[in-house]
Amino acid sequence: MGRNLVCRRIRINGIVQGVGFRPFVFQLASELGIKGEVSNTSRGVLIIAEADQEKIGAFVERLRSQAPPLARIVSLEIEKQKVDGYTSFRIAASSAEAGRATLISPDVCVCRDCLEEMRNPADRRFRYPFINCTNCGPRYTIIEDVPYDRPKTSMRHFTMCPRCQAEYDDPSDRRFHAQPNACPDCGPQVELLDARQAKVTAGDPVRAAAELLAQGQIVAIKGLGGFHLAVDAANDQAVSRLRRRKRREEKPFAVMAASLEKVAAFALYTEAEARLLESRQRPIVLLERRTPPVLAYQVAPRNRYLGVMLPYTPLHYLLLEERFPALVMTSANISQEPICIANQEAFERLAGIADYFLVHDRDIYLRCDDSVVHFCGGTARFLRRSRGYVPEPVFLRRKITPVLACGAELKNTVCLTKKDRAFVSQHIGDLENLAAENHFRKTIDHLRRILDVEPACLACDMHPDYLSTAYALSQDKLPVIRVQHHHAHIAACLAENKADGKVIGLAFDGTGYGPDGTVWGGEVLVADCKEFSRVAHLENFLLPGSAAAVRQPWRTALAILLQVYGKRALELDLPLLRQVDQGRLAVVAEMTRKRVNTPLTSSMGRLFDAVASLVGLRQEAAFEGQAAMELEMITDKENFGCYPFQWSRPQQGPWQVRIEPIITALVADIQEKVPAFVIGARFHATLIELFTRLCLELREKHHLDRVALSGGCFQNRILTEGLAAALTKAGFQVLTHSLVPANDGGISLGQAVAAASCLAENDI
Ligand code: ZN
Ligand code: ZN
Ligand code: FE
């Protein structure tokens with residue numbers, strides 16, 4: 001040794017902190033006989049390694065190939081350095097260098113080793129609900145700043161006992177520098193309180209809570225990113241009671257089951273779905289339910305699917321132990337408000353809903369809902385991208401100017417970019433009240449802090465009334481770029497697919513601000529990230545009462561009937577005209593005639609609503625898109641042919657997809673008593689065939705052979721799978737979402753890249 005001794009400075013960037021990376025480096029160095037040191041910096045991990053060339057080569061190779069399970073290496077840079085003559089390898093103290101390029105890990109489900117210890121009566125953490133190690137546990141939701149060290153997390157209030165400290169300090173220990181490390185002697189504690197906030201004196205609060213759940217009580221449970229409301233999913237009465245109290249009469253509840261075997265009793269899953277359920281992100285996966293339903297019908301009324309997840313915290317495992325087929329685990333909020341996180345806040349907001357509260361004294365720094373994923377066309381796609389995935393970035397094609405994009409109004413997320421990475425926030429929710437707005441602001445501040453980015457510009461929607469738009473416009477020091485809603489949808493799809501250049505974009509959703517004063521939503525664009533032109537759209541129809549039409553699909557259906565049949569519409573023999581009160585029909589007909597609070601729209605979502613109303617499926621909706629979703633649920637997947645369709649090609653302006661031929665054929669079907677599942681199938685098939693043909697014609701005209709699909713309507717599996725297959729068959733390359741949701745949760749990403757493209761152009 002000594003003769004060909006070299007020294008290398010190795011900088012590793014990515015998710016390398018709080019994931020056991022330094023102990024891994026330490027052990028690898030010891031094994032190879034490398035001297036030097038490793039330290040955490042706010043730019044990542046820095047290694048000084050001295051050994052001969054060959055060993056260094058082996059060292060670097062194994063750093064890449066054997067990194068710990070949670071680590072994600074984005075870059076590894078090696079520089080030569082003068083030999084210093086280290087005599088050992090050590091883990092040096094963290095330094096707070098300027099610049100904070102380190103990626104924070106998302107929260108990760110409890111690992112197998114920790115579970116084993118928790119179940120071992122001889123272990124000192126037997127049944128301890130906060131057991132964790134460097135391979136598992138909370139990250140994003142407890143961290144306030146970087147670098148990721150205990151004083152910068154919500155664990156700073158808990159001083160480690162000597163035994164925990166010894167584990168924390170020992171490089172060979174699984175808990176070496178595990179920031180949330182704790183035990184029953186020194187860490188957070190759970191307690192069970194009743195509805196009056198009085199402590200329930202029971203031996204083991206978790207056991208007592210499980211007992212109450214078994215008796216049909218509703219228990220609010222403090223988790224990783226917020227509170228859940230839990231109830232025994234097999235208990236009809238208890239689930240119905242929760243539904244009544246939560247004022248969320250219709251939206252499906254998610255359930256949590258102890259294991260895949262338990263899931264198999266009430267839902268069907270494929271191998272890929274099982275892998276996703278068991279992944280360390282532990283999302284809610286939509287699975288086809290067994291028929292007849294095994295769990296309470298009220299868990300997910302009128303739904304073919306059930307949102308299912310496996311336990312992800314030690315507390316969940318303790319609660320579920322063998323006894324329940326599944327627990328309902330639904331975000332503990334009054335509908336539309338973000339998930340509760342502070343204990344006091346939970347007591348206030350959940351008063352009258354929860355019978356008991358299972359709480360603990362570790363703060364949740366940041367709210368983070370469960371992620372929701374479904375399989376569509378063989379690919380896992382997000383309906384909500386949140387816990388387990390955030391704050392992992394979406395990697396972009398190239399480095400862009402730092403942009404803060406404020407998202408849309410419903411299902412809001414924000415996005416902050418840094419170089420070639422776009423950090424899309426967790427699901428913030430519908431920006432319709434103060435609580436949501438606060439959550440929105442806090443998330444922006446938090447992202448800016450942990451990423452240390454000063455945005456050069458803000459991006460927002462064109463809608464003047466969105467809270468997110470108002471926020472962007474109020475930041476007076478920065479330029480604001482307003483991005484049209486459907487352009488943002490398509491740009492998001494391009495960004496996550498790293499696609500460049502122009503495409504045909506089909507942007508189908510419920511609502512988006514159109515620059516022409518109408519409500520857009522059934523849009524065919526020719527677009528790249530920077531600009532778009534609207535080449536075709538659904539023919540406009542009226543939306544009587546605007547927002548009221550979203551809650552009452554019959555209003556749109558009536559307006560469409562009046563548009564197609566004139567006054568005759570009210571004399572047709574249709575379920576809709578029998579199900580809705582005559583007086584109300586007359587009022588809305590009049591409203592439509594006079595155009596009072598009745599905007600024009602080309603919304604695909606509203607067309608789906610109207611069809612659901614026409615076939616008599618649903619006249620009132622408890623949440624946006626419910627009628628459309630139920631139409632998908634009853635639709636048969638067989639081929640029943642399709643309705644006639646056409647589009648007009650005016651000299652000026654976009655092509656118009658006529659709705660009249662579709663509606664007349666569909667109404668004839670209804671009058672001939674064709675079953676709704678057949679009508680649903682024909683309607684879906686019509687759209688698939690229509691837009692495939694339309695894209696073929698656009699291909700001739702614009703010489704584009706790529707089609708991007710985005711917008712909330714592409715949560716509809718029949719539409720997405722059908723259209724993607726038909727377009728592919730027609731020779732198109734089809735771009736779809738799999739990294740961010742197709743719905744408005746993906747808008748912020750699109751806004752960010754669209755704004756950055758405009759800036760790049762202006763710079764030149
Ligand atoms: Zn662990
Ligand atoms: Zn301890
Ligand atoms: Fe949208």
# chains A, B, ... in the order shown; residues from 1 in each chain; ligands from 1
call {"tool": "residues_near_ligand", "arguments": {"ligand": "ligand 2", "cutoff": "7 Å", "atoms": "only C-alpha atoms and all ligand atoms", "output": "PyMOL selection string"}}
result
chain A and resi 160-164+182-187
call {"tool": "closest_atom_pairs", "arguments": {"of": "chain A", "to": "ligand 3", "cutoff": "8 Å", "atoms": "only C-alpha atoms and all ligand atoms", "output": "CSV"}}
result
residue,atom,partner,partner_atom_place_in_ligand_line,distance
A:Ala408,CA,ligand 3,1 (Fe),7.8
A:His485,CA,ligand 3,1 (Fe),6.4
A:His486,CA,ligand 3,1 (Fe),6.5
A:His489,CA,ligand 3,1 (Fe),6.8
A:Ala507,CA,ligand 3,1 (Fe),7.9
A:Phe508,CA,ligand 3,1 (Fe),7.5
A:Asp509,CA,ligand 3,1 (Fe),5.1
A:Gly510,CA,ligand 3,1 (Fe),6.3
A:Thr511,CA,ligand 3,1 (Fe),5.9
A:Gly512,CA,ligand 3,1 (Fe),5.9
A:Gly521,CA,ligand 3,1 (Fe),7.4
A:Gly711,CA,ligand 3,1 (Fe),5.1
A:Gly712,CA,ligand 3,1 (Fe),5.9
A:Asn743,CA,ligand 3,1 (Fe),5.7
A:Asp744,CA,ligand 3,1 (Fe),4.7
A:Ile747,CA,ligand 3,1 (Fe),7.2
call {"tool": "select_by_dssp", "arguments": {"residues": "region 310-492 of chain A", "states": "strand (DSSP E or B)", "output": "PyMOL selection string"}}
result
chain A and resi 327-331+356-360+372-376+379-384+394-395+403-405+412+415-418+421-424+429+457-461+480-483
call {"tool": "residues_near_ligand", "arguments": {"ligand": "ligand 1", "cutoff": "9 Å", "atoms": "only C-alpha atoms and all ligand atoms", "output": "VMD selection string"}}
result
chain A and resid 109 to 115 131 to 137 174 to 175
call {"tool": "write_last_selection", "arguments": {"atoms": "C-alpha atoms", "output": "PDB file, in the first residue's frame"}}
result
ATOM      1  CA  CYS A 109     -44.017   2.260   4.876  1.00  0.00           C
ATOM      2  CA  VAL A 110     -42.667   0.339   7.878  1.00  0.00           C
ATOM      3  CA  CYS A 111     -40.065  -2.251   6.859  1.00  0.00           C
ATOM      4  CA  ARG A 112     -40.034  -5.974   7.477  1.00  0.00           C
ATOM      5  CA  ASP A 113     -37.254  -5.831  10.085  1.00  0.00           C
ATOM      6  CA  CYS A 114     -39.104  -3.239  12.138  1.00  0.00           C
ATOM      7  CA  LEU A 115     -42.360  -5.200  11.915  1.00  0.00           C
ATOM      8  CA  ILE A 131     -40.809   1.964  15.464  1.00  0.00           C
ATOM      9  CA  ASN A 132     -38.708   2.909  12.426  1.00  0.00           C
ATOM     10  CA  CYS A 133     -35.194   2.667  11.022  1.00  0.00           C
ATOM     11  CA  THR A 134     -33.115   4.149   8.214  1.00  0.00           C
ATOM     12  CA  ASN A 135     -35.002   1.974   5.745  1.00  0.00           C
ATOM     13  CA  CYS A 136     -38.473   3.089   6.731  1.00  0.00           C
ATOM     14  CA  GLY A 137     -40.697   5.652   8.403  1.00  0.00           C
ATOM     15  CA  ARG A 174     -29.827  -0.281  11.251  1.00  0.00           C
ATOM     16  CA  ARG A 175     -30.814   2.894  13.068  1.00  0.00           C
TER      17      ARG A 175
END
call {"tool": "select_by_dssp", "arguments": {"residues": "region 536-630 of chain A", "states": "alpha helix (DSSP H)", "output": "MDAnalysis selection string"}}
result
chainID A and resid 547:551 553:565 575:579 582:594 604:614 626:630
call {"tool": "residues_around", "arguments": {"residues": "Ile353 (chain A)", "least_positions_apart": "6", "cutoff": "9 Å", "atoms": "only C-alpha atoms", "output": "count of residues only"}}
result
10
call {"tool": "closest_residue", "arguments": {"among": "A:Ile221, A:Leu404, A:Leu538, A:Leu562", "to": "Leu478 (chain A)", "atoms": "only C-alpha atoms"}}
result
A:Leu404
call {"tool": "residues_around", "arguments": {"residues": "Arg289 (chain A)", "least_positions_apart": "4", "cutoff": "6 Å", "atoms": "only C-alpha atoms", "output": "ChimeraX atom specification"}}
result
/A:267,305-306
call {"tool": "atom_distance", "arguments": {"atom1": "CA of Lys262 (chain A)", "atom2": "CA of Leu310 (chain A)"}}
result
9.7 Å
call {"tool": "residues_around", "arguments": {"residues": "Gln344 (chain A)", "least_positions_apart": "6", "cutoff": "12 Å", "atoms": "only C-alpha atoms", "output": "number ranges by chain"}}
result
A: 193, 196-197, 222, 227, 350-351, 357, 359-361, 363
call {"tool": "write_last_selection", "arguments": {"atoms": "N, CA and C atoms", "output": "compact mmCIF listing (two decimals), in the first residue's frame"}}
result
# COMPACT_ATOMS: atom_id res chain seq x y z
N LEU A 193 -58.71 9.15 23.32
CA LEU A 193 -59.59 10.13 23.96
C LEU A 193 -61.01 9.93 23.45
N ARG A 196 -65.34 13.90 24.13
CA ARG A 196 -65.21 15.13 24.94
C ARG A 196 -63.75 15.42 25.29
N GLN A 197 -62.85 14.73 24.61
CA GLN A 197 -61.40 14.88 24.80
C GLN A 197 -60.93 14.37 26.15
N LYS A 222 -54.79 9.47 14.16
CA LYS A 222 -53.73 10.33 13.66
C LYS A 222 -52.67 9.46 13.00
N PHE A 227 -55.12 12.92 9.67
CA PHE A 227 -56.05 12.04 10.37
C PHE A 227 -56.85 11.21 9.38
N LEU A 350 -63.66 17.59 13.83
CA LEU A 350 -64.28 16.27 13.76
C LEU A 350 -65.30 16.05 14.86
N ALA A 351 -65.56 17.11 15.64
CA ALA A 351 -66.59 17.00 16.68
C ALA A 351 -67.90 16.63 15.98
N PHE A 357 -60.89 9.40 19.57
CA PHE A 357 -59.69 9.93 18.90
C PHE A 357 -58.47 9.15 19.37
N VAL A 359 -54.78 9.54 19.22
CA VAL A 359 -53.85 10.59 18.81
C VAL A 359 -52.45 10.31 19.36
N HIS A 360 -51.48 11.10 18.93
CA HIS A 360 -50.14 10.99 19.48
C HIS A 360 -49.51 12.37 19.52
N ASP A 361 -48.33 12.44 20.14
CA ASP A 361 -47.73 13.74 20.38
C ASP A 361 -46.57 14.07 19.45
N ASP A 363 -45.72 15.87 16.02
CA ASP A 363 -46.38 16.76 15.08
C ASP A 363 -46.25 16.26 13.66
call {"tool": "closest_residue", "arguments": {"among": "A:Val285, A:Ala676, A:Leu410, A:Val146", "to": "Cys376 (chain A)", "atoms": "only C-alpha atoms"}}
result
A:Val285
call {"tool": "atom_distance", "arguments": {"atom1": "CA of Glu620 (chain A)", "atom2": "CA of Ala230 (chain A)"}}
result
27.7 Å
call {"tool": "closest_atom_pairs", "arguments": {"of": "region 566-640 of chain A", "to": "region 656-660 of chain A", "cutoff": "12 Å", "atoms": "only C-alpha atoms", "output": "Markdown table"}}
result
| residue | atom | partner | partner_atom | distance |
| --- | --- | --- | --- | --- |
| A:Gly566 | CA | A:Glu660 | CA | 11.7 |
| A:Ser602 | CA | A:Val657 | CA | 9.5 |
| A:Ser603 | CA | A:Ile659 | CA | 11.6 |
| A:Met604 | CA | A:Ile659 | CA | 10.7 |
| A:Leu607 | CA | A:Ile659 | CA | 9.0 |
| A:Phe608 | CA | A:Ile659 | CA | 11.7 |
| A:Ala610 | CA | A:Ile659 | CA | 11.5 |
| A:Val611 | CA | A:Ile659 | CA | 11.3 |
call {"tool": "closest_residue", "arguments": {"among": "A:Arg22, A:Arg156, A:Ser331, A:Val294", "to": "Asp169 (chain A)", "atoms": "only C-alpha atoms"}}
result
A:Arg22
call {"tool": "atom_distance", "arguments": {"atom1": "CA of Cys713 (chain A)", "atom2": "CA of Phe423 (chain A)"}}
result
24.2 Å
call {"tool": "residues_around", "arguments": {"residues": "Ala272 (chain A)", "least_positions_apart": "5", "cutoff": "9 Å", "atoms": "only C-alpha atoms", "output": "PDB file with C-alpha atoms, in the first residue's frame"}}
result
ATOM      1  CA  LEU A 277     -50.380  -2.595  -3.014  1.00  0.00           C
ATOM      2  CA  PHE A 375     -54.559   0.439 -13.570  1.00  0.00           C
ATOM      3  CA  GLY A 378     -51.998  -2.060 -18.224  1.00  0.00           C
ATOM      4  CA  ALA A 380     -50.601   2.300 -13.123  1.00  0.00           C
TER       5      ALA A 380
END
call {"tool": "residues_around", "arguments": {"residues": "Ile339 (chain A)", "least_positions_apart": "6", "cutoff": "12 Å", "atoms": "only C-alpha atoms", "output": "CSV table (one decimal) with N, CA, C and O atoms, in the first residue's frame"}}
result
chain,number,residue,atom,x,y,z
A,220,ALA,N,-61.2,8.5,15.1
A,220,ALA,CA,-60.3,9.3,14.3
A,220,ALA,C,-58.9,8.9,14.7
A,220,ALA,O,-58.6,8.9,15.9
A,221,ILE,N,-58.1,8.6,13.7
A,221,ILE,CA,-56.8,8.1,13.9
A,221,ILE,C,-55.7,9.0,13.3
A,221,ILE,O,-55.7,9.3,12.1
A,222,LYS,N,-54.8,9.5,14.2
A,222,LYS,CA,-53.7,10.3,13.7
A,222,LYS,C,-52.7,9.5,13.0
A,222,LYS,O,-52.1,8.5,13.6
A,223,GLY,N,-52.4,9.8,11.8
A,223,GLY,CA,-51.4,8.9,11.0
A,223,GLY,C,-50.2,9.7,10.7
A,223,GLY,O,-49.7,10.6,11.4
A,224,LEU,N,-49.7,9.4,9.5
A,224,LEU,CA,-48.4,10.0,9.0
A,224,LEU,C,-48.6,11.4,8.5
A,224,LEU,O,-47.9,12.3,8.9
A,225,GLY,N,-49.6,11.5,7.6
A,225,GLY,CA,-49.8,12.8,6.9
A,225,GLY,C,-51.1,13.5,7.3
A,225,GLY,O,-51.5,14.5,6.7
A,226,GLY,N,-51.7,13.0,8.3
A,226,GLY,CA,-53.0,13.6,8.7
A,226,GLY,C,-53.9,12.6,9.5
A,226,GLY,O,-53.4,11.5,9.8
A,227,PHE,N,-55.1,12.9,9.7
A,227,PHE,CA,-56.0,12.0,10.4
A,227,PHE,C,-56.9,11.2,9.4
A,227,PHE,O,-57.2,11.7,8.3
A,228,HIS,N,-57.2,10.0,9.8
A,228,HIS,CA,-58.1,9.2,9.1
A,228,HIS,C,-59.4,9.0,10.0
A,228,HIS,O,-59.2,9.0,11.2
A,229,LEU,N,-60.5,8.8,9.4
A,229,LEU,CA,-61.6,8.3,10.2
A,229,LEU,C,-61.7,6.8,9.8
A,229,LEU,O,-61.8,6.4,8.7
A,330,THR,N,-60.7,6.7,5.8
A,330,THR,CA,-61.0,7.8,4.9
A,330,THR,C,-60.4,9.1,5.5
A,330,THR,O,-60.4,9.2,6.7
A,331,SER,N,-59.9,10.0,4.6
A,331,SER,CA,-59.3,11.2,5.1
A,331,SER,C,-60.2,11.9,6.0
A,331,SER,O,-61.4,12.0,5.7
A,332,ALA,N,-59.7,12.3,7.2
A,332,ALA,CA,-60.6,12.9,8.2
A,332,ALA,C,-60.8,14.3,7.9
A,332,ALA,O,-60.0,15.2,8.4
A,333,ASN,N,-61.8,14.6,7.1
A,333,ASN,CA,-62.1,16.0,6.8
A,333,ASN,C,-63.5,16.2,6.6
A,333,ASN,O,-64.2,15.2,6.3
A,345,GLU,N,-57.0,20.9,16.3
A,345,GLU,CA,-57.8,21.1,15.1
A,345,GLU,C,-58.7,20.0,14.8
A,345,GLU,O,-59.9,20.1,14.4
A,346,ALA,N,-58.2,18.8,15.0
A,346,ALA,CA,-59.0,17.6,14.7
A,346,ALA,C,-60.2,17.5,15.6
A,346,ALA,O,-61.3,17.2,15.2
A,349,ARG,N,-62.7,20.1,14.3
A,349,ARG,CA,-63.3,19.9,13.0
A,349,ARG,C,-64.1,18.5,13.0
A,349,ARG,O,-64.9,18.3,12.1
A,350,LEU,N,-63.7,17.6,13.8
A,350,LEU,CA,-64.3,16.3,13.8
A,350,LEU,C,-65.3,16.0,14.9
A,350,LEU,O,-65.8,15.0,15.0
A,364,ILE,N,-47.3,16.5,12.9
A,364,ILE,CA,-47.2,16.3,11.5
A,364,ILE,C,-46.9,17.7,10.9
A,364,ILE,O,-47.6,18.6,11.1
A,366,LEU,N,-46.4,18.6,7.7
A,366,LEU,CA,-47.0,18.9,6.5
A,366,LEU,C,-48.1,17.8,6.2
A,366,LEU,O,-47.9,16.7,6.3
A,367,ARG,N,-49.3,18.3,5.8
A,367,ARG,CA,-50.4,17.4,5.5
A,367,ARG,C,-50.0,16.7,4.2
A,367,ARG,O,-49.4,17.2,3.3
A,368,CYS,N,-50.4,15.4,4.2
A,368,CYS,CA,-50.2,14.6,3.0
A,368,CYS,C,-51.2,13.5,2.9
A,368,CYS,O,-51.2,12.6,3.7
A,369,ASP,N,-52.1,13.6,1.9
A,369,ASP,CA,-53.2,12.6,1.8
A,369,ASP,C,-52.6,11.3,1.2
A,369,ASP,O,-51.5,11.3,0.7
A,370,ASP,N,-53.4,10.2,1.3
A,370,ASP,CA,-53.0,9.0,0.7
A,370,ASP,C,-53.0,9.2,-0.9
A,370,ASP,O,-53.9,9.9,-1.4
A,426,GLN,N,-47.8,17.5,-3.0
A,426,GLN,CA,-48.9,16.6,-2.7
A,426,GLN,C,-50.2,17.2,-3.0
A,426,GLN,O,-50.3,18.4,-3.3
A,427,HIS,N,-51.2,16.4,-3.1
A,427,HIS,CA,-52.6,16.9,-3.3
A,427,HIS,C,-53.0,17.9,-2.2
A,427,HIS,O,-52.9,17.6,-1.1
A,428,ILE,N,-53.3,19.1,-2.7
A,428,ILE,CA,-53.7,20.1,-1.7
A,428,ILE,C,-55.2,20.1,-1.6
A,428,ILE,O,-55.8,20.3,-0.5
A,429,GLY,N,-55.9,19.8,-2.6
A,429,GLY,CA,-57.4,19.8,-2.5
A,429,GLY,C,-58.1,20.9,-3.3
A,429,GLY,O,-57.5,21.6,-4.1
A,430,ASP,N,-59.4,21.0,-3.0
A,430,ASP,CA,-60.1,22.1,-3.7
A,430,ASP,C,-60.0,23.4,-3.0
A,430,ASP,O,-60.3,23.5,-1.8
A,435,ALA,N,-59.1,27.1,5.0
A,435,ALA,CA,-58.3,26.0,5.4
A,435,ALA,C,-57.4,25.5,4.2
A,435,ALA,O,-56.2,25.3,4.3
A,436,ALA,N,-58.1,25.4,3.1
A,436,ALA,CA,-57.4,24.9,1.9
A,436,ALA,C,-56.4,25.9,1.4
A,436,ALA,O,-55.2,25.6,1.0
A,439,HIS,N,-53.3,25.7,3.5
A,439,HIS,CA,-52.5,24.6,3.2
A,439,HIS,C,-51.7,24.8,1.9
A,439,HIS,O,-50.5,24.5,1.8
call {"tool": "closest_residue", "arguments": {"among": "A:Val403, A:Pro314, A:Glu496, A:Arg304", "to": "Pro479 (chain A)", "atoms": "only C-alpha atoms"}}
result
A:Val403
call {"tool": "closest_residue", "arguments": {"among": "A:Leu383, A:Ser468, A:Arg421, A:Ser259", "to": "Asn438 (chain A)", "atoms": "only C-alpha atoms"}}
result
A:Ser468
call {"tool": "closest_residue", "arguments": {"among": "A:His374, A:Arg578, A:Arg693, A:Lys637", "to": "Ser738 (chain A)", "atoms": "only C-alpha atoms"}}
result
A:His374
call {"tool": "decode", "arguments": {"residues": "region 476-544 of chain A", "atoms": "C-alpha atoms", "output": "mmCIF file, in the first residue's frame"}}
result
data_model
loop_
_atom_site.group_PDB
_atom_site.id
_atom_site.type_symbol
_atom_site.label_atom_id
_atom_site.label_comp_id
_atom_site.auth_asym_id
_atom_site.auth_seq_id
_atom_site.Cartn_x
_atom_site.Cartn_y
_atom_site.Cartn_z
ATOM 1 C CA ASP A 476 -45.798 41.525 -7.133
ATOM 2 C CA LYS A 477 -42.041 41.146 -7.539
ATOM 3 C CA LEU A 478 -42.274 38.353 -10.065
ATOM 4 C CA PRO A 479 -43.612 38.136 -13.596
ATOM 5 C CA VAL A 480 -46.731 36.007 -13.945
ATOM 6 C CA ILE A 481 -47.482 33.876 -16.973
ATOM 7 C CA ARG A 482 -51.095 32.766 -17.345
ATOM 8 C CA VAL A 483 -51.494 29.423 -19.029
ATOM 9 C CA GLN A 484 -54.745 28.291 -20.593
ATOM 10 C CA HIS A 485 -56.167 25.338 -18.657
ATOM 11 C CA HIS A 486 -56.286 22.773 -21.455
ATOM 12 C CA HIS A 487 -52.953 23.839 -22.828
ATOM 13 C CA ALA A 488 -51.567 23.165 -19.337
ATOM 14 C CA HIS A 489 -53.131 19.682 -19.401
ATOM 15 C CA ILE A 490 -51.432 18.844 -22.707
ATOM 16 C CA ALA A 491 -48.138 20.462 -21.651
ATOM 17 C CA ALA A 492 -48.158 18.301 -18.505
ATOM 18 C CA CYS A 493 -48.581 15.206 -20.637
ATOM 19 C CA LEU A 494 -45.717 16.302 -22.913
ATOM 20 C CA ALA A 495 -43.488 17.111 -19.928
ATOM 21 C CA GLU A 496 -43.849 13.796 -18.160
ATOM 22 C CA ASN A 497 -43.282 11.946 -21.438
ATOM 23 C CA LYS A 498 -40.194 14.091 -22.149
ATOM 24 C CA ALA A 499 -41.769 14.855 -25.525
ATOM 25 C CA ASP A 500 -40.682 17.732 -27.685
ATOM 26 C CA GLY A 501 -42.423 19.509 -30.556
ATOM 27 C CA LYS A 502 -46.022 19.693 -31.602
ATOM 28 C CA VAL A 503 -48.673 17.077 -30.985
ATOM 29 C CA ILE A 504 -52.403 16.689 -31.357
ATOM 30 C CA GLY A 505 -53.726 17.143 -27.830
ATOM 31 C CA LEU A 506 -57.085 15.828 -26.707
ATOM 32 C CA ALA A 507 -57.931 17.680 -23.492
ATOM 33 C CA PHE A 508 -61.221 16.418 -22.083
ATOM 34 C CA ASP A 509 -62.410 17.538 -18.681
ATOM 35 C CA GLY A 510 -65.182 19.232 -16.756
ATOM 36 C CA THR A 511 -64.266 22.883 -16.773
ATOM 37 C CA GLY A 512 -61.552 25.227 -17.916
ATOM 38 C CA TYR A 513 -61.469 28.927 -18.628
ATOM 39 C CA GLY A 514 -61.635 29.634 -22.336
ATOM 40 C CA PRO A 515 -60.137 32.901 -23.602
ATOM 41 C CA ASP A 516 -63.255 33.380 -25.783
ATOM 42 C CA GLY A 517 -65.523 33.694 -22.761
ATOM 43 C CA THR A 518 -66.964 30.174 -22.975
ATOM 44 C CA VAL A 519 -66.249 27.255 -20.656
ATOM 45 C CA TRP A 520 -63.928 24.846 -22.429
ATOM 46 C CA GLY A 521 -63.643 21.122 -21.792
ATOM 47 C CA GLY A 522 -63.867 19.057 -24.987
ATOM 48 C CA GLU A 523 -60.802 20.396 -26.736
ATOM 49 C CA VAL A 524 -58.603 19.283 -29.587
ATOM 50 C CA LEU A 525 -55.425 21.328 -29.654
ATOM 51 C CA VAL A 526 -52.343 21.393 -31.795
ATOM 52 C CA ALA A 527 -49.797 22.222 -29.171
ATOM 53 C CA ASP A 528 -46.272 22.090 -27.897
ATOM 54 C CA CYS A 529 -45.201 23.257 -24.465
ATOM 55 C CA LYS A 530 -44.988 26.857 -25.544
ATOM 56 C CA GLU A 531 -48.150 27.478 -27.527
ATOM 57 C CA PHE A 532 -51.338 25.936 -28.804
ATOM 58 C CA SER A 533 -54.098 26.434 -31.289
ATOM 59 C CA ARG A 534 -57.612 25.143 -30.780
ATOM 60 C CA VAL A 535 -58.273 23.122 -33.904
ATOM 61 C CA ALA A 536 -61.531 21.428 -32.888
ATOM 62 C CA HIS A 537 -63.897 21.172 -29.968
ATOM 63 C CA LEU A 538 -67.281 19.862 -28.939
ATOM 64 C CA GLU A 539 -70.016 22.064 -30.317
ATOM 65 C CA ASN A 540 -71.081 24.528 -27.624
ATOM 66 C CA PHE A 541 -74.130 23.835 -25.514
ATOM 67 C CA LEU A 542 -75.686 25.713 -22.645
ATOM 68 C CA LEU A 543 -74.954 25.235 -18.965
ATOM 69 C CA PRO A 544 -78.043 26.541 -17.160
#
